[in-house]
>>> print(open('run.cif').read())   # mmCIF, C-alpha atoms
data_data
loop_
_atom_site.label_atom_id
_atom_site.label_comp_id
_atom_site.auth_asym_id
_atom_site.auth_seq_id
_atom_site.Cartn_x
_atom_site.Cartn_y
_atom_site.Cartn_z
CA MET A 10 41.65 3.00 -34.30
CA ASP A 11 43.83 0.97 -36.65
CA TRP A 12 42.20 -2.25 -37.75
CA THR A 13 44.25 -5.04 -39.24
CA ALA A 14 41.51 -7.15 -40.79
CA VAL A 15 41.07 -5.16 -43.96
CA ARG A 16 40.96 -6.36 -47.52
CA LEU A 17 43.07 -3.66 -49.12
CA GLY A 18 46.60 -2.40 -48.55
CA ARG A 19 47.80 1.18 -48.78
CA ARG A 20 48.05 1.06 -52.58
CA GLY A 21 44.52 -0.26 -52.80
CA ALA A 22 43.25 2.53 -50.60
CA VAL A 23 44.98 5.14 -52.73
CA ALA A 24 43.44 3.64 -55.87
CA VAL A 25 39.99 3.69 -54.31
CA VAL A 26 40.39 7.34 -53.31
CA ALA A 27 41.57 8.33 -56.77
CA ALA A 28 38.72 6.54 -58.51
CA ALA A 29 36.12 7.93 -56.15
CA ALA A 30 37.48 11.46 -56.53
CA LEU A 31 37.20 11.22 -60.31
CA GLY A 32 33.70 9.84 -60.04
CA MET A 33 32.44 12.60 -57.78
CA SER A 34 34.16 15.55 -59.44
CA ALA A 35 31.44 15.89 -62.04
CA CYS A 36 28.58 15.95 -59.53
CA SER A 37 29.94 17.66 -56.44
CA SER A 38 31.76 20.75 -55.35
CA SER A 39 33.29 21.99 -52.14
CA THR A 40 30.39 24.41 -51.69
CA GLY A 41 27.59 21.86 -51.70
CA THR A 42 24.63 22.47 -49.42
CA SER A 43 22.11 20.21 -47.72
CA SER A 44 19.43 22.90 -47.73
CA THR A 45 17.40 24.26 -50.59
CA THR A 46 16.58 27.39 -48.61
CA SER A 47 18.44 30.61 -49.34
CA GLY A 48 19.32 31.14 -45.69
CA GLY A 49 18.61 29.99 -42.14
CA LEU A 50 18.04 26.49 -40.85
CA PRO A 51 15.65 24.14 -42.65
CA ALA A 52 13.18 21.91 -40.82
CA THR A 53 15.61 19.00 -41.00
CA VAL A 54 19.40 18.74 -41.15
CA ASN A 55 20.63 15.38 -42.39
CA VAL A 56 23.82 13.70 -41.19
CA VAL A 57 25.21 10.26 -42.02
CA SER A 58 27.39 7.93 -39.97
CA ILE A 59 29.75 5.89 -42.17
CA ASN A 60 30.96 3.21 -39.77
CA PRO A 61 31.56 -0.54 -39.54
CA GLN A 62 28.49 -2.22 -38.08
CA THR A 63 29.67 -5.70 -39.03
CA GLY A 64 33.19 -7.11 -39.24
CA PRO A 65 36.17 -6.90 -36.86
CA ALA A 66 35.64 -3.24 -35.93
CA ALA A 67 31.87 -3.54 -35.46
CA PHE A 68 32.03 -3.28 -31.66
CA ALA A 69 33.53 0.21 -31.99
CA GLY A 70 31.30 1.36 -34.84
CA LEU A 71 28.11 0.17 -33.15
CA ALA A 72 29.10 1.80 -29.85
CA ALA A 73 29.84 5.05 -31.67
CA ASN A 74 26.41 4.98 -33.29
CA LYS A 75 24.81 4.66 -29.85
CA GLY A 76 26.66 7.79 -28.78
CA TYR A 77 25.46 9.65 -31.86
CA ASP A 78 21.88 8.50 -31.29
CA LEU A 79 21.89 9.63 -27.66
CA ALA A 80 23.31 13.07 -28.43
CA ILE A 81 20.98 13.68 -31.36
CA LYS A 82 17.95 12.70 -29.27
CA GLU A 83 19.03 15.22 -26.64
CA ILE A 84 19.67 17.89 -29.27
CA ASN A 85 16.22 17.39 -30.75
CA ASP A 86 14.35 16.95 -27.46
CA THR A 87 15.83 20.14 -25.98
CA LYS A 88 15.19 22.03 -29.24
CA PHE A 89 18.83 23.11 -29.22
CA LEU A 90 18.41 24.03 -32.89
CA GLY A 91 14.97 25.52 -32.39
CA SER A 92 12.40 23.93 -34.63
CA THR A 93 15.12 22.22 -36.68
CA THR A 94 15.56 18.46 -36.24
CA LEU A 95 18.81 16.57 -36.74
CA THR A 96 18.34 13.22 -38.47
CA LEU A 97 21.00 10.52 -38.61
CA SER A 98 21.28 7.75 -41.19
CA LYS A 99 23.78 4.92 -40.80
CA VAL A 100 25.83 3.14 -43.43
CA ASP A 101 27.69 -0.11 -42.70
CA THR A 102 31.19 -0.15 -44.20
CA LYS A 103 31.52 -3.84 -43.24
CA GLY A 104 35.18 -3.17 -42.49
CA ASP A 105 35.90 -2.65 -46.17
CA ILE A 106 37.85 0.33 -47.55
CA LYS A 107 36.07 0.29 -50.93
CA THR A 108 32.69 0.38 -49.24
CA ALA A 109 33.76 3.23 -46.98
CA ALA A 110 35.04 5.33 -49.89
CA SER A 111 32.00 4.57 -52.01
CA SER A 112 29.68 5.48 -49.13
CA ALA A 113 31.49 8.77 -48.66
CA SER A 114 31.17 9.57 -52.36
CA THR A 115 27.44 8.81 -52.22
CA ALA A 116 27.02 11.11 -49.22
CA ILE A 117 29.02 13.87 -50.91
CA ALA A 118 26.85 13.68 -54.02
CA ASP A 119 23.66 13.84 -51.94
CA LYS A 120 23.19 17.56 -51.36
CA SER A 121 20.60 16.85 -48.64
CA ILE A 122 23.42 15.65 -46.36
CA SER A 123 25.11 18.47 -44.44
CA ALA A 124 27.84 16.54 -42.59
CA ILE A 125 29.39 13.12 -42.07
CA PHE A 126 30.47 11.18 -39.01
CA GLY A 127 33.49 9.30 -40.32
CA SER A 128 34.68 5.75 -39.72
CA VAL A 129 36.41 4.54 -36.55
CA SER A 130 38.80 2.59 -38.79
CA SER A 131 42.00 4.39 -39.76
CA GLN A 132 42.24 2.57 -43.07
CA GLU A 133 38.70 3.53 -43.99
CA ALA A 134 39.11 7.09 -42.69
CA VAL A 135 42.26 7.63 -44.75
CA ALA A 136 40.25 6.66 -47.83
CA ILE A 137 37.37 8.97 -46.89
CA SER A 138 39.25 12.11 -45.87
CA PRO A 139 40.63 13.27 -49.25
CA LEU A 140 37.14 12.96 -50.71
CA VAL A 141 35.33 14.97 -48.07
CA GLN A 142 38.10 17.55 -47.89
CA GLN A 143 37.99 18.11 -51.65
CA ALA A 144 34.21 18.44 -51.52
CA GLY A 145 34.25 20.62 -48.39
CA VAL A 146 31.88 18.34 -46.45
CA PRO A 147 32.24 18.74 -42.67
CA THR A 148 33.38 15.36 -41.36
CA ILE A 149 34.03 14.41 -37.75
CA TYR A 150 35.83 11.17 -36.91
CA THR A 151 36.16 9.17 -33.75
CA GLN A 152 39.09 6.79 -33.21
CA ALA A 153 40.90 6.59 -36.61
CA GLY A 154 44.18 7.58 -35.00
CA SER A 155 46.62 7.43 -37.90
CA ASP A 156 48.09 10.16 -40.09
CA GLY A 157 46.08 11.10 -43.17
CA VAL A 158 42.74 11.39 -41.34
CA VAL A 159 42.71 15.05 -40.29
CA VAL A 160 43.84 16.53 -43.58
CA GLY A 161 42.23 19.96 -43.77
CA ASP A 162 39.59 22.36 -42.51
CA ALA A 163 36.69 19.97 -43.22
CA THR A 164 38.04 17.13 -41.07
CA TYR A 165 38.03 16.88 -37.27
CA ARG A 166 38.69 14.00 -34.87
CA ALA A 167 36.81 13.74 -31.56
CA THR A 168 39.32 11.23 -30.23
CA PRO A 169 42.71 12.43 -28.99
CA LEU A 170 45.79 10.85 -30.48
CA MET A 171 46.91 8.12 -28.12
CA ARG A 172 50.35 9.61 -27.70
CA THR A 173 48.80 12.76 -26.19
CA TYR A 174 47.51 10.91 -23.13
CA TYR A 175 49.75 7.82 -23.05
CA SER A 176 52.07 9.77 -20.74
CA LEU A 177 49.59 8.86 -17.99
CA VAL A 178 51.53 5.59 -17.68
CA LYS A 179 54.51 7.49 -16.21
CA LYS A 180 52.93 7.71 -12.77
CA TYR A 181 52.11 4.01 -12.81
CA VAL A 182 55.58 2.93 -13.92
CA GLN A 183 57.18 5.07 -11.24
CA GLU A 184 54.91 3.60 -8.57
CA LYS A 185 55.85 0.08 -9.71
CA GLY A 186 59.54 0.94 -9.60
CA TRP A 187 60.27 -0.41 -13.07
CA LYS A 188 63.76 0.27 -14.35
CA SER A 189 63.34 -1.57 -17.64
CA VAL A 190 60.60 -2.63 -20.05
CA GLY A 191 60.30 -5.05 -22.96
CA ILE A 192 57.87 -4.15 -25.73
CA ILE A 193 55.73 -6.22 -28.11
CA HIS A 194 53.69 -4.20 -30.60
CA THR A 195 51.67 -4.87 -33.71
CA ALA A 196 53.20 -3.72 -36.97
CA ALA A 197 49.78 -3.35 -38.58
CA ALA A 198 48.45 -0.40 -36.55
CA PRO A 199 50.23 2.94 -37.11
CA THR A 200 49.04 4.30 -33.77
CA LEU A 201 50.50 1.37 -31.86
CA VAL A 202 53.69 1.41 -33.90
CA ASP A 203 54.05 5.05 -32.83
CA ILE A 204 53.50 4.15 -29.16
CA GLY A 205 55.80 1.12 -29.25
CA THR A 206 58.69 2.69 -31.15
CA LYS A 207 58.49 6.36 -30.15
CA ALA A 208 56.16 7.40 -27.32
CA LEU A 209 56.92 4.59 -24.84
CA PRO A 210 60.70 4.63 -25.46
CA ALA A 211 60.63 8.40 -24.96
CA ILE A 212 58.83 7.94 -21.64
CA ALA A 213 61.39 5.31 -20.65
CA THR A 214 64.24 7.68 -21.43
CA GLU A 215 62.58 10.47 -19.44
CA LEU A 216 62.21 8.18 -16.43
CA GLY A 217 65.71 6.72 -16.70
CA MET A 218 64.43 3.32 -17.79
CA THR A 219 65.89 0.90 -20.31
CA VAL A 220 63.98 -0.66 -23.19
CA THR A 221 65.43 -4.16 -23.15
CA THR A 222 63.99 -5.21 -26.50
CA THR A 223 61.23 -4.32 -28.94
CA VAL A 224 59.49 -6.97 -31.05
CA ALA A 225 56.98 -6.26 -33.82
CA VAL A 226 54.28 -8.81 -34.71
CA GLN A 227 51.76 -8.99 -37.54
CA GLY A 228 48.10 -8.18 -37.19
CA THR A 229 47.20 -11.80 -37.88
CA THR A 230 49.53 -13.25 -35.23
CA GLN A 231 47.90 -15.61 -32.74
CA ASP A 232 50.97 -17.51 -31.55
CA PHE A 233 53.03 -15.09 -29.48
CA ALA A 234 55.35 -17.70 -27.97
CA ALA A 235 58.44 -16.56 -29.89
CA PRO A 236 58.15 -12.80 -29.27
CA ILE A 237 57.22 -13.41 -25.62
CA SER A 238 60.25 -15.66 -25.20
CA GLN A 239 62.46 -13.00 -26.79
CA VAL A 240 61.15 -10.29 -24.50
CA LEU A 241 61.36 -12.33 -21.30
CA ALA A 242 64.88 -13.44 -22.19
CA SER A 243 65.90 -9.76 -22.01
CA LYS A 244 64.81 -9.80 -18.33
CA PRO A 245 62.72 -6.61 -18.16
CA ASP A 246 61.06 -5.42 -14.97
CA GLY A 247 57.86 -4.88 -16.90
CA VAL A 248 56.29 -5.85 -20.22
CA ALA A 249 54.27 -3.76 -22.67
CA ILE A 250 51.88 -5.50 -25.07
CA LEU A 251 50.47 -3.12 -27.67
CA LEU A 252 48.02 -5.09 -29.76
CA VAL A 253 44.59 -4.70 -31.37
CA GLY A 254 41.35 -6.04 -29.92
CA ALA A 255 41.12 -9.82 -29.74
CA GLN A 256 44.91 -10.30 -29.85
CA ASN A 257 45.18 -8.96 -26.30
CA PRO A 258 43.59 -11.87 -24.37
CA THR A 259 45.51 -14.39 -26.48
CA ALA A 260 48.83 -12.69 -25.77
CA MET A 261 48.03 -12.31 -22.06
CA LYS A 262 47.24 -16.01 -21.73
CA GLN A 263 50.48 -16.97 -23.44
CA LEU A 264 52.47 -14.45 -21.40
CA ARG A 265 51.18 -16.01 -18.18
CA GLN A 266 51.88 -19.50 -19.52
CA ALA A 267 55.45 -18.39 -20.14
CA GLY A 268 55.80 -17.58 -16.43
CA TYR A 269 55.45 -13.78 -16.34
CA THR A 270 53.31 -12.77 -13.36
CA GLY A 271 53.76 -8.99 -13.29
CA ASP A 272 51.62 -6.18 -14.61
CA VAL A 273 51.50 -5.39 -18.33
CA LEU A 274 51.25 -2.03 -20.07
CA GLY A 275 48.59 -2.18 -22.77
CA ASN A 276 46.48 0.24 -24.78
CA SER A 277 42.81 1.11 -25.18
CA GLY A 278 42.43 -1.81 -27.62
CA ALA A 279 42.17 -3.95 -24.48
CA SER A 280 39.03 -2.11 -23.40
CA ALA A 281 35.41 -2.75 -24.39
CA GLY A 282 35.58 -6.10 -22.61
CA ASN A 283 38.19 -7.42 -25.02
CA LEU A 284 40.17 -9.00 -22.16
CA LYS A 285 37.27 -11.13 -20.88
CA PRO A 286 38.33 -14.25 -22.83
CA ALA A 287 41.64 -14.21 -20.96
CA GLY A 288 39.89 -14.72 -17.62
CA ALA A 289 42.24 -14.44 -14.66
CA ASP A 290 45.24 -14.38 -17.01
CA GLY A 291 44.14 -10.95 -18.19
CA ALA A 292 44.33 -9.47 -14.71
CA GLY A 293 47.10 -6.94 -14.35
CA MET A 294 46.94 -5.33 -17.77
CA VAL A 295 46.86 -1.55 -17.39
CA TRP A 296 46.29 1.11 -20.00
CA PRO A 297 45.48 4.79 -20.48
CA VAL A 298 42.29 5.69 -22.33
CA ASP A 299 40.43 8.89 -23.14
CA PHE A 300 37.27 7.85 -21.27
CA ASN A 301 35.95 5.38 -18.72
CA TYR A 302 32.45 5.37 -17.29
CA GLN A 303 33.86 5.59 -13.75
CA GLN A 304 35.66 8.90 -14.23
CA LYS A 305 34.43 11.57 -11.87
CA ALA A 306 34.18 14.68 -14.05
CA GLU A 307 30.70 16.16 -13.64
CA ALA A 308 30.05 16.33 -17.38
CA SER A 309 31.21 12.73 -17.82
CA GLN A 310 28.87 11.46 -15.12
CA LYS A 311 25.97 13.40 -16.60
CA PHE A 312 26.63 11.57 -19.88
CA VAL A 313 26.96 8.20 -18.13
CA LYS A 314 23.59 8.60 -16.40
CA ALA A 315 21.90 9.62 -19.65
CA TYR A 316 23.47 6.66 -21.47
CA GLN A 317 22.45 4.16 -18.79
CA ALA A 318 18.90 5.51 -18.92
CA ALA A 319 18.83 5.09 -22.71
CA TYR A 320 20.51 1.66 -22.65
CA PRO A 321 19.55 -0.02 -19.34
CA GLY A 322 22.11 -2.36 -17.85
CA GLU A 323 24.89 -1.08 -20.10
CA ASN A 324 27.88 1.12 -19.30
CA PRO A 325 29.09 3.40 -22.10
CA LEU A 326 32.34 2.60 -23.87
CA ASN A 327 34.80 5.30 -24.85
CA TYR A 328 33.60 4.97 -28.47
CA ALA A 329 30.13 6.11 -27.45
CA ALA A 330 31.47 9.00 -25.35
CA GLU A 331 33.61 10.25 -28.23
CA ALA A 332 30.68 10.08 -30.64
CA TYR A 333 28.43 11.89 -28.17
CA ASP A 334 30.87 14.80 -27.99
CA ALA A 335 31.31 14.75 -31.78
CA ALA A 336 27.56 15.08 -32.30
CA TRP A 337 27.27 17.99 -29.88
CA PHE A 338 30.25 19.70 -31.53
CA LEU A 339 28.47 19.43 -34.87
CA ALA A 340 25.19 20.72 -33.39
CA LYS A 341 26.94 23.73 -31.86
CA SER A 342 28.57 24.43 -35.22
CA ILE A 343 25.25 24.19 -37.07
CA LYS A 344 23.69 26.56 -34.55
CA ALA A 345 26.59 29.01 -34.89
CA ALA A 346 26.34 28.82 -38.69
CA GLY A 347 22.59 29.34 -38.63
CA SER A 348 22.55 27.26 -41.77
CA ALA A 349 22.66 23.70 -43.09
CA ASP A 350 25.09 24.79 -45.78
CA ARG A 351 28.24 22.69 -45.73
CA GLY A 352 30.57 25.63 -46.18
CA ALA A 353 28.88 27.65 -43.44
CA ILE A 354 29.07 24.72 -41.02
CA LYS A 355 32.74 24.16 -41.85
CA THR A 356 33.52 27.81 -41.11
CA ALA A 357 31.55 27.67 -37.86
CA MET A 358 33.39 24.54 -36.74
CA ALA A 359 36.66 26.48 -36.73
CA THR A 360 35.09 29.08 -34.46
CA VAL A 361 33.43 26.62 -32.08
CA ALA A 362 36.69 24.64 -31.82
CA LYS A 363 38.38 27.66 -30.21
CA GLU A 364 36.14 27.40 -27.13
CA LYS A 365 36.67 25.16 -24.10
CA PHE A 366 33.73 22.90 -23.33
CA ASP A 367 32.51 20.21 -20.96
CA GLY A 368 31.52 16.90 -22.52
CA ALA A 369 31.32 13.16 -22.05
CA LEU A 370 35.12 12.94 -22.23
CA GLY A 371 35.56 15.37 -19.34
CA ASN A 372 35.53 18.98 -18.21
CA GLY A 373 37.53 21.81 -19.76
CA LEU A 374 38.06 20.04 -23.11
CA THR A 375 39.83 21.77 -25.98
CA TRP A 376 40.70 21.23 -29.64
CA LYS A 377 44.20 21.45 -31.08
CA ASP A 378 44.81 21.22 -34.81
CA ARG A 379 41.27 19.81 -35.15
CA ASP A 380 42.00 16.95 -32.72
CA ILE A 381 40.19 16.92 -29.38
CA GLN A 382 42.36 17.11 -26.25
CA VAL A 383 41.32 15.30 -23.06
CA PRO A 384 42.78 14.53 -19.61
CA GLY A 385 42.41 10.74 -19.97
CA VAL A 386 42.26 8.04 -17.29
CA MET A 387 44.36 5.05 -16.25
CA ILE A 388 42.62 1.66 -16.09
CA ARG A 389 43.57 -1.75 -14.69
CA TRP A 390 41.75 -4.96 -15.62
CA ASP A 391 41.23 -7.10 -12.50
CA GLY A 392 40.09 -10.24 -14.33
CA THR A 393 36.40 -9.36 -14.39
CA GLY A 394 36.19 -5.65 -15.11
CA ASP A 395 37.83 -2.23 -15.30
CA VAL A 396 39.28 -0.60 -12.19
CA LEU A 397 39.85 3.15 -12.38
CA LEU A 398 43.34 3.84 -11.06
CA TYR A 399 43.56 7.60 -11.54
CA GLU A 400 42.56 10.44 -13.82
CA GLY A 401 44.61 12.95 -15.75
CA ALA A 402 44.25 16.70 -15.35
CA ALA A 403 42.53 18.98 -17.83
CA ASN A 404 44.68 21.53 -19.62
#
>>> encode(input="run.cif", output="structure tokens")
Amino acid sequence: MDWTAVRLGRRGAVAVVAAAALGMSACSSSTGTSSTTSGGLPATVNVVSINPQTGPAAFAGLAANKGYDLAIKEINDTKFLGSTTLTLSKVDTKGDIKTAASSASTAIADKSISAIFGSVSSQEAVAISPLVQQAGVPTIYTQAGSDGVVVGDATYRATPLMRTYYSLVKKYVQEKGWKSVGIIHTAAAPTLVDIGTKALPAIATELGMTVTTTVAVQGTTQDFAAPISQVLASKPDGVAILLVGAQNPTAMKQLRQAGYTGDVLGNSGASAGNLKPAGADGAGMVWPVDFNYQQKAEASQKFVKAYQAAYPGENPLNYAAEAYDAAWFLAKSIKAAGSADRGAIKTAMATVAKEKFDGALGNGLTWKDRDIQVPGVMIRWDGTGDVLLYEGAAN
């Protein structure tokens, strides 16, 4: 996930990474271990989640931590690792790149920590990844969909890149009979820039559609009147709004006020209840996402039931499902390694990633270039909640 409310730009992130790398080089190596035993699993394997628990991305970081907690409880309760217990500590990045990098450096230096669950924020993840890769610390991300996150054999991402399942919109567009589309996208989120300037135009070309106009807006934009006017003036059959989180209900309200009554292509940033403030004006936004609690895959429903039992009255968000699968992937790798040693786990991860598996995100899941691959689902917001339109097919 690409979050716009950060306090450092790209240069700042690079500076943080460089400083942290220098600071840790004297106290850490790529062969660090979290176990003082010469072989085999210790009584406890320690893992840390470095995620925003406060700030703009908190809703995703907190949901991810719930997924980690649920999976780790299952892993321990079923004695998946025998007498070994997984323990999870949580660090709040507060949406700050410096804090994320510093927290990663602290975890790297602490030899009792075997692995890291990395930040949902792309900006934070990009600052963390060079550090953990240099130190050889197994790190699994969720969300964090930009380049520079999966940078080597120590880094994995249990969230598919949006462009890999965004093609689910093709069926919907064809059913609607759209021949043209106007696009508004944020310029602050690399993932959504990619969708707005590459993936969606490519889909349009494939389907014989015309992109009437493309307008980029800033991450801080709250008045969308001008870009909406520009798009509607190009007279598209449909509109795509590719924004982050809380911008979505604002843009939908203003789009309706401008007289557009049709459906709107969005992205998973509209999920997690983010469209609720738009009320009825939000109805008609559709988007593909890697998980929805209504999807019918047997493994997904098993996860949903377990989550609802652990958190009564609450349906799991995709962030929790991704984290759940990430935690089980790590547990399987630890078991295959038979060790809490970072290097052994890293090697085992490469082996485990070659196997298909069933998880919260669906059945028959695979990994490709250390990114998880999923079928995905298509969702429509009806003004009060998510409606599952259809599901993708597993590879």
>>> closest_residue(input="run.cif", among="A:Pro384, A:Lys363, A:Leu241, A:Leu284", to="Ser309 in chain A", atoms="only C-alpha atoms")
A:Pro384
>>> resolve_selection(input="run.cif", expression="the PyMOL selection byres ((chain A and resi 297) around 9)", output="ChimeraX atom specification")
/A:171,174-178,274-277,295-296,298-300,385-389
>>> atom_distance(input="run.cif", atom1="CA of Asn324 in chain A", atom2="CA of Ser280 in chain A")
12.3 Å
>>> closest_residue(input="run.cif", among="A:Ala292, A:Ala260, A:Val57, A:Val273", to="Ile117 in chain A", atoms="all atoms listed in the file")
A:Val57
>>> atom_distance(input="run.cif", atom1="CA of Ile212 in chain A", atom2="CA of Glu184 in chain A")
14.3 Å
>>> resolve_selection(input="run.cif", expression="the PyMOL selection byres ((chain A and resi 236) around 10)", output="VMD selection string")
chain A and resid 192 to 194 222 to 226 232 to 235 237 to 242 260 264
>>> write_last_selection(input="run.cif", atoms="C-alpha atoms", output="JSON list (two decimals), in the coordinates of the input")
[["chain", "number", "residue", "atom", "x", "y", "z"],
["A", 192, "ILE", "CA", 57.87, -4.15, -25.73],
["A", 193, "ILE", "CA", 55.73, -6.22, -28.11],
["A", 194, "HIS", "CA", 53.69, -4.20, -30.60],
["A", 222, "THR", "CA", 63.99, -5.21, -26.50],
["A", 223, "THR", "CA", 61.23, -4.32, -28.94],
["A", 224, "VAL", "CA", 59.49, -6.97, -31.05],
["A", 225, "ALA", "CA", 56.98, -6.26, -33.82],
["A", 226, "VAL", "CA", 54.28, -8.81, -34.71],
["A", 232, "ASP", "CA", 50.97, -17.51, -31.55],
["A", 233, "PHE", "CA", 53.03, -15.09, -29.48],
["A", 234, "ALA", "CA", 55.35, -17.70, -27.97],
["A", 235, "ALA", "CA", 58.44, -16.56, -29.89],
["A", 237, "ILE", "CA", 57.22, -13.41, -25.62],
["A", 238, "SER", "CA", 60.25, -15.66, -25.20],
["A", 239, "GLN", "CA", 62.46, -13.00, -26.79],
["A", 240, "VAL", "CA", 61.15, -10.29, -24.50],
["A", 241, "LEU", "CA", 61.36, -12.33, -21.30],
["A", 242, "ALA", "CA", 64.88, -13.44, -22.19],
["A", 260, "ALA", "CA", 48.83, -12.69, -25.77],
["A", 264, "LEU", "CA", 52.47, -14.45, -21.40]]
>>> atom_distance(input="run.cif", atom1="CA of Thr94 in chain A", atom2="CA of Asn55 in chain A")
8.5 Å
>>> closest_residue(input="run.cif", among="A:Leu374, A:Ala318, A:Met294, A:Ala340", to="Trp390 in chain A", atoms="only C-alpha atoms")
A:Met294
>>> closest_atom_pairs(input="run.cif", of="range 77-130 of chain A", to="range 349-361 of chain A", cutoff="12 Å", atoms="all atoms listed in the file", output="tab-separated table")
residue	atom	partner	partner_atom	distance
A:Leu90	CA	A:Ala349	CA	11.1
A:Thr93	CA	A:Ala349	CA	10.0
A:Thr94	CA	A:Ala349	CA	11.2
A:Leu95	CA	A:Ala349	CA	10.3
A:Ile117	CA	A:Arg351	CA	10.3
A:Asp119	CA	A:Arg351	CA	11.7
A:Lys120	CA	A:Arg351	CA	9.1
A:Ser121	CA	A:Ala349	CA	9.1
A:Ile122	CA	A:Arg351	CA	8.6
A:Ser123	CA	A:Arg351	CA	5.4
A:Ala124	CA	A:Arg351	CA	6.9
A:Ile125	CA	A:Arg351	CA	10.3
>>> residues_around(input="run.cif", residues="range 215-220 of chain A", least_positions_apart="3", cutoff="9 Å", atoms="all atoms listed in the file", output="number ranges by chain")
A: 179, 182-183, 187-192, 209-212, 223, 245
>>> write_last_selection(input="run.cif", atoms="C-alpha atoms", output="PDB file, in the coordinates of the input")
ATOM      1  CA  LYS A 179      54.510   7.490 -16.210  1.00  0.00           C
ATOM      2  CA  VAL A 182      55.580   2.930 -13.920  1.00  0.00           C
ATOM      3  CA  GLN A 183      57.180   5.070 -11.240  1.00  0.00           C
ATOM      4  CA  TRP A 187      60.270  -0.410 -13.070  1.00  0.00           C
ATOM      5  CA  LYS A 188      63.760   0.270 -14.350  1.00  0.00           C
ATOM      6  CA  SER A 189      63.340  -1.570 -17.640  1.00  0.00           C
ATOM      7  CA  VAL A 190      60.600  -2.630 -20.050  1.00  0.00           C
ATOM      8  CA  GLY A 191      60.300  -5.050 -22.960  1.00  0.00           C
ATOM      9  CA  ILE A 192      57.870  -4.150 -25.730  1.00  0.00           C
ATOM     10  CA  LEU A 209      56.920   4.590 -24.840  1.00  0.00           C
ATOM     11  CA  PRO A 210      60.700   4.630 -25.460  1.00  0.00           C
ATOM     12  CA  ALA A 211      60.630   8.400 -24.960  1.00  0.00           C
ATOM     13  CA  ILE A 212      58.830   7.940 -21.640  1.00  0.00           C
ATOM     14  CA  THR A 223      61.230  -4.320 -28.940  1.00  0.00           C
ATOM     15  CA  PRO A 245      62.720  -6.610 -18.160  1.00  0.00           C
TER      16      PRO A 245
END
